[in-house]
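J.: Here you go, this is entry.csv (CSV, C-alpha atoms).
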chain,number,residue,atom,x,y,z
W,111,MET,CA,18.7,-26.2,4.3
W,112,SER,CA,15.3,-26.4,6.0
W,113,THR,CA,14.4,-29.5,7.9
W,114,ALA,CA,11.2,-31.1,9.1
W,115,GLN,CA,12.1,-30.2,12.6
W,116,ASP,CA,12.5,-26.6,11.6
W,117,THR,CA,8.9,-26.5,10.4
W,118,ALA,CA,7.6,-28.3,13.4
W,119,ASP,CA,9.1,-26.5,16.4
W,120,GLY,CA,6.9,-25.6,19.4
W,121,GLU,CA,3.9,-23.4,18.7
W,122,SER,CA,4.8,-23.2,15.0
W,123,GLU,CA,3.5,-26.7,14.5
W,124,PRO,CA,0.2,-26.5,12.5
W,125,TRP,CA,0.2,-30.0,11.1
W,126,GLY,CA,-0.9,-32.1,14.0
W,127,GLU,CA,-4.4,-32.8,12.6
W,128,VAL,CA,-3.3,-33.7,9.1
W,129,THR,CA,-3.9,-37.4,8.5
W,130,PRO,CA,-2.9,-40.0,7.4
W,131,ASP,CA,0.8,-39.8,8.3
W,132,ALA,CA,1.8,-40.1,4.7
W,133,ALA,CA,-0.2,-36.9,3.8
W,134,ARG,CA,1.4,-35.1,6.7
W,135,ARG,CA,4.9,-36.2,5.7
W,136,LEU,CA,4.3,-34.9,2.1
W,137,LEU,CA,3.1,-31.5,3.4
W,138,LEU,CA,6.2,-31.1,5.5
W,139,ALA,CA,8.4,-32.2,2.6
W,140,ALA,CA,6.6,-29.7,0.4
W,141,VAL,CA,7.1,-26.9,2.9
W,142,GLU,CA,10.8,-27.6,3.0
W,143,ALA,CA,11.1,-27.8,-0.8
W,144,PHE,CA,9.0,-24.6,-1.5
W,145,ALA,CA,10.9,-22.6,1.1
W,146,GLU,CA,14.3,-23.7,-0.2
W,147,ARG,CA,13.7,-23.8,-4.0
W,148,GLY,CA,10.6,-21.8,-4.5
W,149,TYR,CA,7.2,-23.2,-5.7
W,150,HIS,CA,7.9,-23.1,-9.4
W,151,ALA,CA,11.4,-24.7,-9.2
W,152,THR,CA,10.1,-27.6,-7.1
W,153,THR,CA,8.8,-30.7,-8.7
W,154,THR,CA,6.5,-33.4,-7.3
W,155,ARG,CA,9.4,-35.8,-7.6
W,156,ASP,CA,11.5,-33.4,-5.3
W,157,ILE,CA,8.6,-33.5,-2.7
W,158,ALA,CA,8.1,-37.2,-2.8
W,159,GLY,CA,11.9,-37.8,-2.5
W,160,ARG,CA,12.1,-35.6,0.6
W,161,ALA,CA,9.2,-37.6,2.1
W,162,GLY,CA,10.9,-40.9,1.3
W,163,MET,CA,8.0,-41.9,-1.0
W,164,SER,CA,7.6,-42.6,-4.7
W,165,PRO,CA,6.1,-39.9,-7.0
W,166,ALA,CA,3.2,-42.1,-7.6
W,167,ALA,CA,2.5,-42.3,-3.9
W,168,LEU,CA,2.1,-38.5,-3.7
W,169,TYR,CA,-0.9,-38.5,-6.1
W,170,ILE,CA,-2.8,-40.8,-3.7
W,171,HIS,CA,-3.1,-37.8,-1.3
W,172,TYR,CA,-2.7,-34.7,-3.5
W,173,LYS,CA,-3.8,-34.4,-7.1
W,174,THR,CA,-1.4,-31.6,-8.0
W,175,LYS,CA,1.5,-29.6,-6.7
W,176,GLU,CA,-0.8,-26.6,-6.4
W,177,GLU,CA,-3.1,-28.6,-4.1
W,178,LEU,CA,-0.2,-29.1,-1.8
W,179,LEU,CA,0.6,-25.4,-1.7
W,180,HIS,CA,-3.1,-24.5,-1.2
W,181,ARG,CA,-3.4,-26.9,1.7
W,182,ILE,CA,-0.2,-25.5,3.3
W,183,SER,CA,-1.3,-21.9,2.8
W,184,ARG,CA,-4.8,-22.6,4.1
W,185,ILE,CA,-3.6,-24.4,7.3
W,186,GLY,CA,-1.0,-21.7,7.9
W,187,HIS,CA,-3.4,-18.8,7.5
W,188,GLU,CA,-6.0,-20.5,9.7
W,189,LYS,CA,-3.3,-20.9,12.4
W,190,ALA,CA,-2.3,-17.2,12.1
W,191,LEU,CA,-5.9,-16.2,12.2
W,192,ASP,CA,-6.5,-18.3,15.3
W,193,ILE,CA,-3.5,-16.7,17.1
W,194,LEU,CA,-4.9,-13.2,16.4
W,195,ARG,CA,-8.5,-14.1,17.2
W,196,THR,CA,-7.4,-15.5,20.6
W,197,ALA,CA,-5.5,-12.3,21.4
W,198,ALA,CA,-8.4,-10.0,20.2
W,199,ARG,CA,-11.0,-11.8,22.3
W,200,ARG,CA,-9.0,-12.1,25.5
W,201,GLU,CA,-10.0,-9.9,28.5
W,202,GLY,CA,-8.0,-6.8,29.1
W,203,SER,CA,-7.4,-3.4,27.6
W,204,ALA,CA,-6.7,-2.7,23.9
W,205,THR,CA,-3.1,-2.1,24.8
W,206,GLU,CA,-2.8,-5.5,26.4
W,207,ARG,CA,-4.6,-7.3,23.6
W,208,LEU,CA,-2.5,-5.6,20.9
W,209,ALA,CA,0.7,-6.5,22.7
W,210,ASP,CA,-0.5,-10.1,23.0
W,211,ALA,CA,-1.5,-10.2,19.3
W,212,VAL,CA,1.8,-8.8,18.0
W,213,SER,CA,4.0,-10.9,20.3
W,214,SER,CA,2.1,-14.1,19.5
W,215,PHE,CA,2.0,-13.4,15.8
W,216,VAL,CA,5.7,-12.6,15.7
W,217,ARG,CA,6.6,-15.7,17.7
W,218,TRP,CA,4.7,-17.9,15.2
W,219,HIS,CA,6.6,-16.3,12.2
W,220,ALA,CA,9.9,-16.7,13.9
W,221,GLY,CA,9.5,-20.1,15.4
W,222,GLY,CA,7.9,-21.5,12.2
W,223,ARG,CA,9.9,-19.3,9.8
W,224,THR,CA,10.1,-22.0,7.1
W,225,THR,CA,6.4,-22.6,7.0
W,226,ALA,CA,5.6,-18.9,7.4
W,227,ARG,CA,7.8,-18.0,4.4
W,228,VAL,CA,5.8,-20.4,2.2
W,229,VAL,CA,2.5,-19.3,3.6
W,230,GLN,CA,3.2,-15.6,3.3
W,231,TYR,CA,5.3,-15.3,0.1
W,232,GLU,CA,3.9,-17.9,-2.3
W,233,LEU,CA,0.4,-16.5,-2.6
W,234,ASP,CA,0.8,-15.5,-6.3
W,235,SER,CA,1.6,-19.1,-7.2
W,236,LEU,CA,-1.9,-20.2,-6.4
W,237,GLY,CA,-4.7,-20.3,-9.0
W,238,PRO,CA,-7.6,-17.8,-9.0
W,239,ASP,CA,-10.0,-19.9,-6.8
W,240,ALA,CA,-7.4,-20.9,-4.2
W,241,ARG,CA,-5.9,-17.4,-4.1
W,242,ALA,CA,-9.4,-15.9,-3.5
W,243,GLU,CA,-9.9,-18.2,-0.5
W,244,ILE,CA,-6.6,-17.3,1.0
W,245,LEU,CA,-7.2,-13.6,0.4
W,246,ALA,CA,-10.4,-13.9,2.3
W,247,LEU,CA,-8.5,-15.4,5.3
W,248,ARG,CA,-6.0,-12.5,5.0
W,249,ARG,CA,-8.8,-10.0,5.2
W,250,GLU,CA,-9.9,-11.7,8.4
W,251,VAL,CA,-6.4,-11.5,9.8
W,252,ASP,CA,-6.4,-7.8,9.0
W,253,ALA,CA,-9.8,-7.4,10.6
W,254,GLN,CA,-8.6,-8.8,13.9
W,255,VAL,CA,-5.7,-6.4,14.3
W,256,ARG,CA,-7.7,-3.4,12.9
W,257,GLY,CA,-10.5,-4.2,15.5
W,258,ILE,CA,-8.1,-4.0,18.4
W,259,ILE,CA,-6.7,-0.7,17.1
W,260,GLU,CA,-10.2,0.7,16.7
W,261,ASP,CA,-11.0,-0.3,20.2
W,262,GLY,CA,-7.9,1.4,21.5
W,263,VAL,CA,-8.7,4.6,19.6
W,264,ALA,CA,-12.3,4.6,20.9
W,265,ALA,CA,-11.1,4.1,24.5
W,266,GLY,CA,-8.5,6.9,24.2
W,267,GLU,CA,-5.6,4.5,24.6
W,268,PHE,CA,-4.2,4.9,21.1
W,269,ASP,CA,-3.4,8.0,19.0
W,270,VAL,CA,-3.9,6.7,15.4
W,271,LEU,CA,-4.9,8.9,12.5
W,272,ASP,CA,-5.0,6.2,9.8
W,273,VAL,CA,-6.2,2.9,11.3
W,274,LYS,CA,-6.2,1.0,8.0
W,275,GLY,CA,-2.7,2.1,7.1
W,276,THR,CA,-1.4,1.5,10.6
W,277,THR,CA,-2.9,-2.0,10.5
W,278,LEU,CA,-1.1,-2.8,7.2
W,279,ALA,CA,2.2,-1.5,8.6
W,280,ILE,CA,1.9,-3.6,11.7
W,281,LEU,CA,1.1,-6.8,9.8
W,282,SER,CA,3.9,-6.2,7.3
W,283,LEU,CA,6.4,-5.7,10.1
W,284,CYS,CA,5.3,-8.9,11.8
W,285,ILE,CA,5.2,-11.0,8.7
W,286,ASP,CA,8.7,-9.9,7.6
W,287,VAL,CA,10.2,-11.7,10.6
W,288,ALA,CA,9.8,-15.0,8.7
W,289,ARG,CA,12.1,-13.6,6.0
W,290,TRP,CA,15.1,-12.7,8.2
W,291,PHE,CA,14.8,-14.6,11.5
W,292,ASN,CA,17.8,-16.9,12.1
W,293,VAL,CA,17.6,-19.6,14.8
W,294,ASP,CA,21.3,-19.1,15.4
W,295,GLY,CA,20.9,-15.3,15.8
W,296,PRO,CA,21.1,-13.3,19.0
W,297,ARG,CA,17.4,-13.3,19.8
W,298,THR,CA,14.9,-16.0,20.5
W,299,PRO,CA,11.3,-15.9,19.0
W,300,GLU,CA,10.0,-14.9,22.4
W,301,GLU,CA,12.5,-12.0,22.6
W,302,VAL,CA,11.7,-10.8,19.1
W,303,GLY,CA,8.0,-11.0,19.9
W,304,ALA,CA,8.5,-8.9,23.0
W,305,LEU,CA,10.6,-6.3,21.1
W,306,TYR,CA,8.0,-6.0,18.3
W,307,ALA,CA,5.1,-5.7,20.8
W,308,ASP,CA,6.9,-2.7,22.3
W,309,LEU,CA,7.6,-1.2,18.9
W,310,VAL,CA,4.0,-1.5,17.9
W,311,LEU,CA,2.7,0.1,21.1
W,312,ARG,CA,5.0,3.0,20.4
W,313,MET,CA,3.7,3.1,16.8
W,314,VAL,CA,0.1,3.5,17.9
W,315,GLY,CA,1.0,6.1,20.5
W,316,VAL,CA,0.0,4.3,23.6
W,317,LYS,CA,-0.8,6.9,26.3
Spit out the file's structure as structure tokens when you get a sec.
T.:
Amino acid sequence: MSTAQDTADGESEPWGEVTPDAARRLLLAAVEAFAERGYHATTTRDIAGRAGMSPAALYIHYKTKEELLHRISRIGHEKALDILRTAARREGSATERLADAVSSFVRWHAGGRTTARVVQYELDSLGPDARAEILALRREVDAQVRGIIEDGVAAGEFDVLDVKGTTLAILSLCIDVARWFNVDGPRTPEEVGALYADLVLRMVGVK
């Protein structure tokens, strides 16, 4: 079973600026419930109960269950985008920036696996307008990684024939960590991040 601590460990904590405290507690409770039961099987009563609040109290902060999911998804995607933008804009070679981007992105998906599962795998539960907003953020995420790869190809650091396809493969590889990572497993988020950075550099044919 997921816990609030599981969704709030270290760098995976994206909820610090959510106020008031009751709204933050409801978001954390919703993350736990959606990750454990799935969006459609979760009720607003389930979420309120996990937060130690009445169902009526939930509607003070969120009009619908979908609004909760939209807020979670937006905050999570903005955090992921910030991680990749930071890596893309840092000084250094394309090789260094891609390694940083992948290791940081993977650490977030492993350390915040409960949040990341909801953020990455409940997109189709959103309505058309909310889904369009999140898809725009996903395109920005794609653009950050694609830009680093294009820089590496232009600089002669990478040997990539299909930049778009390779970008998709890299992002898919990183995102899937949220599905299988186990805190009791043999590797830490940092170790998985380092492993994936090495795998991706091999994938792009670092010279």
J.: Set the distance at 9 Å and use all atoms listed in the file: which residues neighbour region 296-304 of chain W once local chain neighbours fewer than 6 positions away are removed? I'd like the list as an mmCIF file with C-alpha atoms, keeping the file's coordinate frame.
T.:
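part-v8.cif written:
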data_model
loop_
_atom_site.group_PDB
_atom_site.id
_atom_site.type_symbol
_atom_site.label_atom_id
_atom_site.label_comp_id
_atom_site.auth_asym_id
_atom_site.auth_seq_id
_atom_site.Cartn_x
_atom_site.Cartn_y
_atom_site.Cartn_z
ATOM 1 C CA ALA W 209 0.700 -6.500 22.700
ATOM 2 C CA VAL W 212 1.800 -8.800 18.000
ATOM 3 C CA SER W 213 4.000 -10.900 20.300
ATOM 4 C CA SER W 214 2.100 -14.100 19.500
ATOM 5 C CA PHE W 215 2.000 -13.400 15.800
ATOM 6 C CA VAL W 216 5.700 -12.600 15.700
ATOM 7 C CA ARG W 217 6.600 -15.700 17.700
ATOM 8 C CA TRP W 218 4.700 -17.900 15.200
ATOM 9 C CA HIS W 219 6.600 -16.300 12.200
ATOM 10 C CA ALA W 220 9.900 -16.700 13.900
ATOM 11 C CA GLY W 221 9.500 -20.100 15.400
ATOM 12 C CA CYS W 284 5.300 -8.900 11.800
ATOM 13 C CA VAL W 287 10.200 -11.700 10.600
#
J.: Go ahead and compute the interatomic distance for CA of Ala288 (chain W) and CA of Gly222 (chain W), in Å to one decimal.
T.: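 Answer for the CA of Ala288 (chain W) to CA of Gly222 (chain W) separation: 7.6 Å.
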J.: I'd like the contact shell of Met163 (chain W) - 10 Å cut-off, all atoms listed in the file, skipping same-chain residues fewer than 6 positions apart - returned as a CSV table (one decimal) with C-alpha atoms, in the frame of the given file.
T.:
chain,number,residue,atom,x,y,z
W,132,ALA,CA,1.8,-40.1,4.7
W,135,ARG,CA,4.9,-36.2,5.7
W,136,LEU,CA,4.3,-34.9,2.1
W,155,ARG,CA,9.4,-35.8,-7.6
W,157,ILE,CA,8.6,-33.5,-2.7
J.: CA of His171 (chain W) to CA of Arg249 (chain W): how many Å, to one decimal?
T.: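 Result for CA of His171 (chain W) versus CA of Arg249 (chain W): 29.1 Å, one decimal.
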J.: As a PDB file with C-alpha atoms, in the coordinates of the input, please: the residues near Trp125 (chain W) (cut-off 10 Å, all atoms listed in the file, same-chain neighbours under 4 positions excluded).
T.:
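This went into result_7.pdb:
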ATOM      1  CA  THR W 117       8.900 -26.500  10.400  1.00  0.00           C
ATOM      2  CA  ALA W 118       7.600 -28.300  13.400  1.00  0.00           C
ATOM      3  CA  THR W 129      -3.900 -37.400   8.500  1.00  0.00           C
ATOM      4  CA  ARG W 134       1.400 -35.100   6.700  1.00  0.00           C
ATOM      5  CA  ARG W 135       4.900 -36.200   5.700  1.00  0.00           C
ATOM      6  CA  LEU W 137       3.100 -31.500   3.400  1.00  0.00           C
ATOM      7  CA  LEU W 138       6.200 -31.100   5.500  1.00  0.00           C
ATOM      8  CA  ILE W 182      -0.200 -25.500   3.300  1.00  0.00           C
ATOM      9  CA  ILE W 185      -3.600 -24.400   7.300  1.00  0.00           C
ATOM     10  CA  GLY W 186      -1.000 -21.700   7.900  1.00  0.00           C
ATOM     11  CA  LYS W 189      -3.300 -20.900  12.400  1.00  0.00           C
TER      12      LYS W 189
END
J.: Could you state the separation of CA of Val228 (chain W) and CA of Ala145 (chain W) in Å, given to one decimal place?
T.: 5.7 Å
J.: Ranking W:Thr152, W:Ser183, W:Gln230, W:Ser282 by minimum distance to Asp252 (chain W) and counting only C-alpha atoms, which one comes first?
T.: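 Ranking W:Thr152, W:Ser183, W:Gln230, W:Ser282 by distance to Asp252 (chain W), first place goes to W:Ser282.
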J.: Residues at most 8 Å from Val273 (chain W), counting only C-alpha atoms, excluding those fewer than 2 positions away in the same chain, as a ChimeraX atom specification?
T.: /W:256,259-260,270-271,275-277
J.: Given all atoms listed in the file as the basis, pick out the residue of W:Glu188, W:Ser164, W:Thr174, W:Thr224 nearest to Ala143 (chain W).
T.: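 That would be W:Thr224, the residue with the smallest distance to Ala143 (chain W).
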J.: W:Thr154, W:Gly237, W:Gly257, W:Ala246: which is nearest Ala198 (chain W), counting all atoms listed in the file?
T.: W:Gly257
J.: Please reconstruct the missing atoms of region 216-239 of chain W (target: N, CA and C atoms) and return them as a PDB file, in the frame of the given file.
T.:
ATOM      1  N   VAL W 216       4.303 -12.658  15.973  1.00  0.00           N
ATOM      2  CA  VAL W 216       5.700 -12.600  15.700  1.00  0.00           C
ATOM      3  C   VAL W 216       6.395 -13.945  16.090  1.00  0.00           C
ATOM      4  N   ARG W 217       6.051 -14.460  17.249  1.00  0.00           N
ATOM      5  CA  ARG W 217       6.600 -15.700  17.700  1.00  0.00           C
ATOM      6  C   ARG W 217       6.331 -16.839  16.697  1.00  0.00           C
ATOM      7  N   TRP W 218       5.101 -16.832  16.148  1.00  0.00           N
ATOM      8  CA  TRP W 218       4.700 -17.900  15.200  1.00  0.00           C
ATOM      9  C   TRP W 218       5.580 -17.710  13.902  1.00  0.00           C
ATOM     10  N   HIS W 219       5.775 -16.501  13.441  1.00  0.00           N
ATOM     11  CA  HIS W 219       6.600 -16.300  12.200  1.00  0.00           C
ATOM     12  C   HIS W 219       8.040 -16.567  12.415  1.00  0.00           C
ATOM     13  N   ALA W 220       8.537 -16.368  13.628  1.00  0.00           N
ATOM     14  CA  ALA W 220       9.900 -16.700  13.900  1.00  0.00           C
ATOM     15  C   ALA W 220      10.142 -18.162  14.158  1.00  0.00           C
ATOM     16  N   GLY W 221       9.315 -18.729  15.028  1.00  0.00           N
ATOM     17  CA  GLY W 221       9.500 -20.100  15.400  1.00  0.00           C
ATOM     18  C   GLY W 221       9.160 -21.065  14.208  1.00  0.00           C
ATOM     19  N   GLY W 222       8.233 -20.658  13.345  1.00  0.00           N
ATOM     20  CA  GLY W 222       7.900 -21.500  12.200  1.00  0.00           C
ATOM     21  C   GLY W 222       8.279 -20.765  10.895  1.00  0.00           C
ATOM     22  N   ARG W 223       9.486 -20.198  10.889  1.00  0.00           N
ATOM     23  CA  ARG W 223       9.900 -19.300   9.800  1.00  0.00           C
ATOM     24  C   ARG W 223       9.846 -20.032   8.428  1.00  0.00           C
ATOM     25  N   THR W 224      10.156 -21.337   8.378  1.00  0.00           N
ATOM     26  CA  THR W 224      10.100 -22.000   7.100  1.00  0.00           C
ATOM     27  C   THR W 224       8.708 -22.124   6.565  1.00  0.00           C
ATOM     28  N   THR W 225       7.803 -22.569   7.411  1.00  0.00           N
ATOM     29  CA  THR W 225       6.400 -22.600   7.000  1.00  0.00           C
ATOM     30  C   THR W 225       5.861 -21.240   6.697  1.00  0.00           C
ATOM     31  N   ALA W 226       6.175 -20.265   7.550  1.00  0.00           N
ATOM     32  CA  ALA W 226       5.600 -18.900   7.400  1.00  0.00           C
ATOM     33  C   ALA W 226       6.108 -18.294   6.050  1.00  0.00           C
ATOM     34  N   ARG W 227       7.344 -18.567   5.644  1.00  0.00           N
ATOM     35  CA  ARG W 227       7.800 -18.000   4.400  1.00  0.00           C
ATOM     36  C   ARG W 227       6.985 -18.523   3.203  1.00  0.00           C
ATOM     37  N   VAL W 228       6.654 -19.805   3.244  1.00  0.00           N
ATOM     38  CA  VAL W 228       5.800 -20.400   2.200  1.00  0.00           C
ATOM     39  C   VAL W 228       4.419 -19.803   2.236  1.00  0.00           C
ATOM     40  N   VAL W 229       3.857 -19.773   3.432  1.00  0.00           N
ATOM     41  CA  VAL W 229       2.500 -19.300   3.600  1.00  0.00           C
ATOM     42  C   VAL W 229       2.337 -17.844   3.175  1.00  0.00           C
ATOM     43  N   GLN W 230       3.305 -17.015   3.531  1.00  0.00           N
ATOM     44  CA  GLN W 230       3.200 -15.600   3.300  1.00  0.00           C
ATOM     45  C   GLN W 230       3.680 -15.111   1.933  1.00  0.00           C
ATOM     46  N   TYR W 231       4.612 -15.842   1.325  1.00  0.00           N
ATOM     47  CA  TYR W 231       5.300 -15.300   0.100  1.00  0.00           C
ATOM     48  C   TYR W 231       5.018 -16.109  -1.150  1.00  0.00           C
ATOM     49  N   GLU W 232       4.175 -17.132  -1.103  1.00  0.00           N
ATOM     50  CA  GLU W 232       3.900 -17.900  -2.300  1.00  0.00           C
ATOM     51  C   GLU W 232       2.447 -17.738  -2.782  1.00  0.00           C
ATOM     52  N   LEU W 233       1.785 -16.687  -2.304  1.00  0.00           N
ATOM     53  CA  LEU W 233       0.400 -16.500  -2.600  1.00  0.00           C
ATOM     54  C   LEU W 233       0.141 -16.402  -4.142  1.00  0.00           C
ATOM     55  N   ASP W 234       1.027 -15.731  -4.852  1.00  0.00           N
ATOM     56  CA  ASP W 234       0.800 -15.500  -6.300  1.00  0.00           C
ATOM     57  C   ASP W 234       1.008 -16.809  -7.104  1.00  0.00           C
ATOM     58  N   SER W 235       1.487 -17.860  -6.467  1.00  0.00           N
ATOM     59  CA  SER W 235       1.600 -19.100  -7.200  1.00  0.00           C
ATOM     60  C   SER W 235       0.344 -19.936  -7.209  1.00  0.00           C
ATOM     61  N   LEU W 236      -0.653 -19.505  -6.448  1.00  0.00           N
ATOM     62  CA  LEU W 236      -1.900 -20.200  -6.400  1.00  0.00           C
ATOM     63  C   LEU W 236      -2.820 -19.768  -7.593  1.00  0.00           C
ATOM     64  N   GLY W 237      -3.694 -20.659  -8.009  1.00  0.00           N
ATOM     65  CA  GLY W 237      -4.700 -20.300  -9.000  1.00  0.00           C
ATOM     66  C   GLY W 237      -5.730 -19.404  -8.502  1.00  0.00           C
ATOM     67  N   PRO W 238      -6.584 -18.858  -9.368  1.00  0.00           N
ATOM     68  CA  PRO W 238      -7.600 -17.800  -9.000  1.00  0.00           C
ATOM     69  C   PRO W 238      -8.477 -18.248  -7.814  1.00  0.00           C
ATOM     70  N   ASP W 239      -9.044 -19.452  -7.855  1.00  0.00           N
ATOM     71  CA  ASP W 239     -10.000 -19.900  -6.800  1.00  0.00           C
ATOM     72  C   ASP W 239      -9.285 -20.035  -5.462  1.00  0.00           C
TER      73      ASP W 239
END
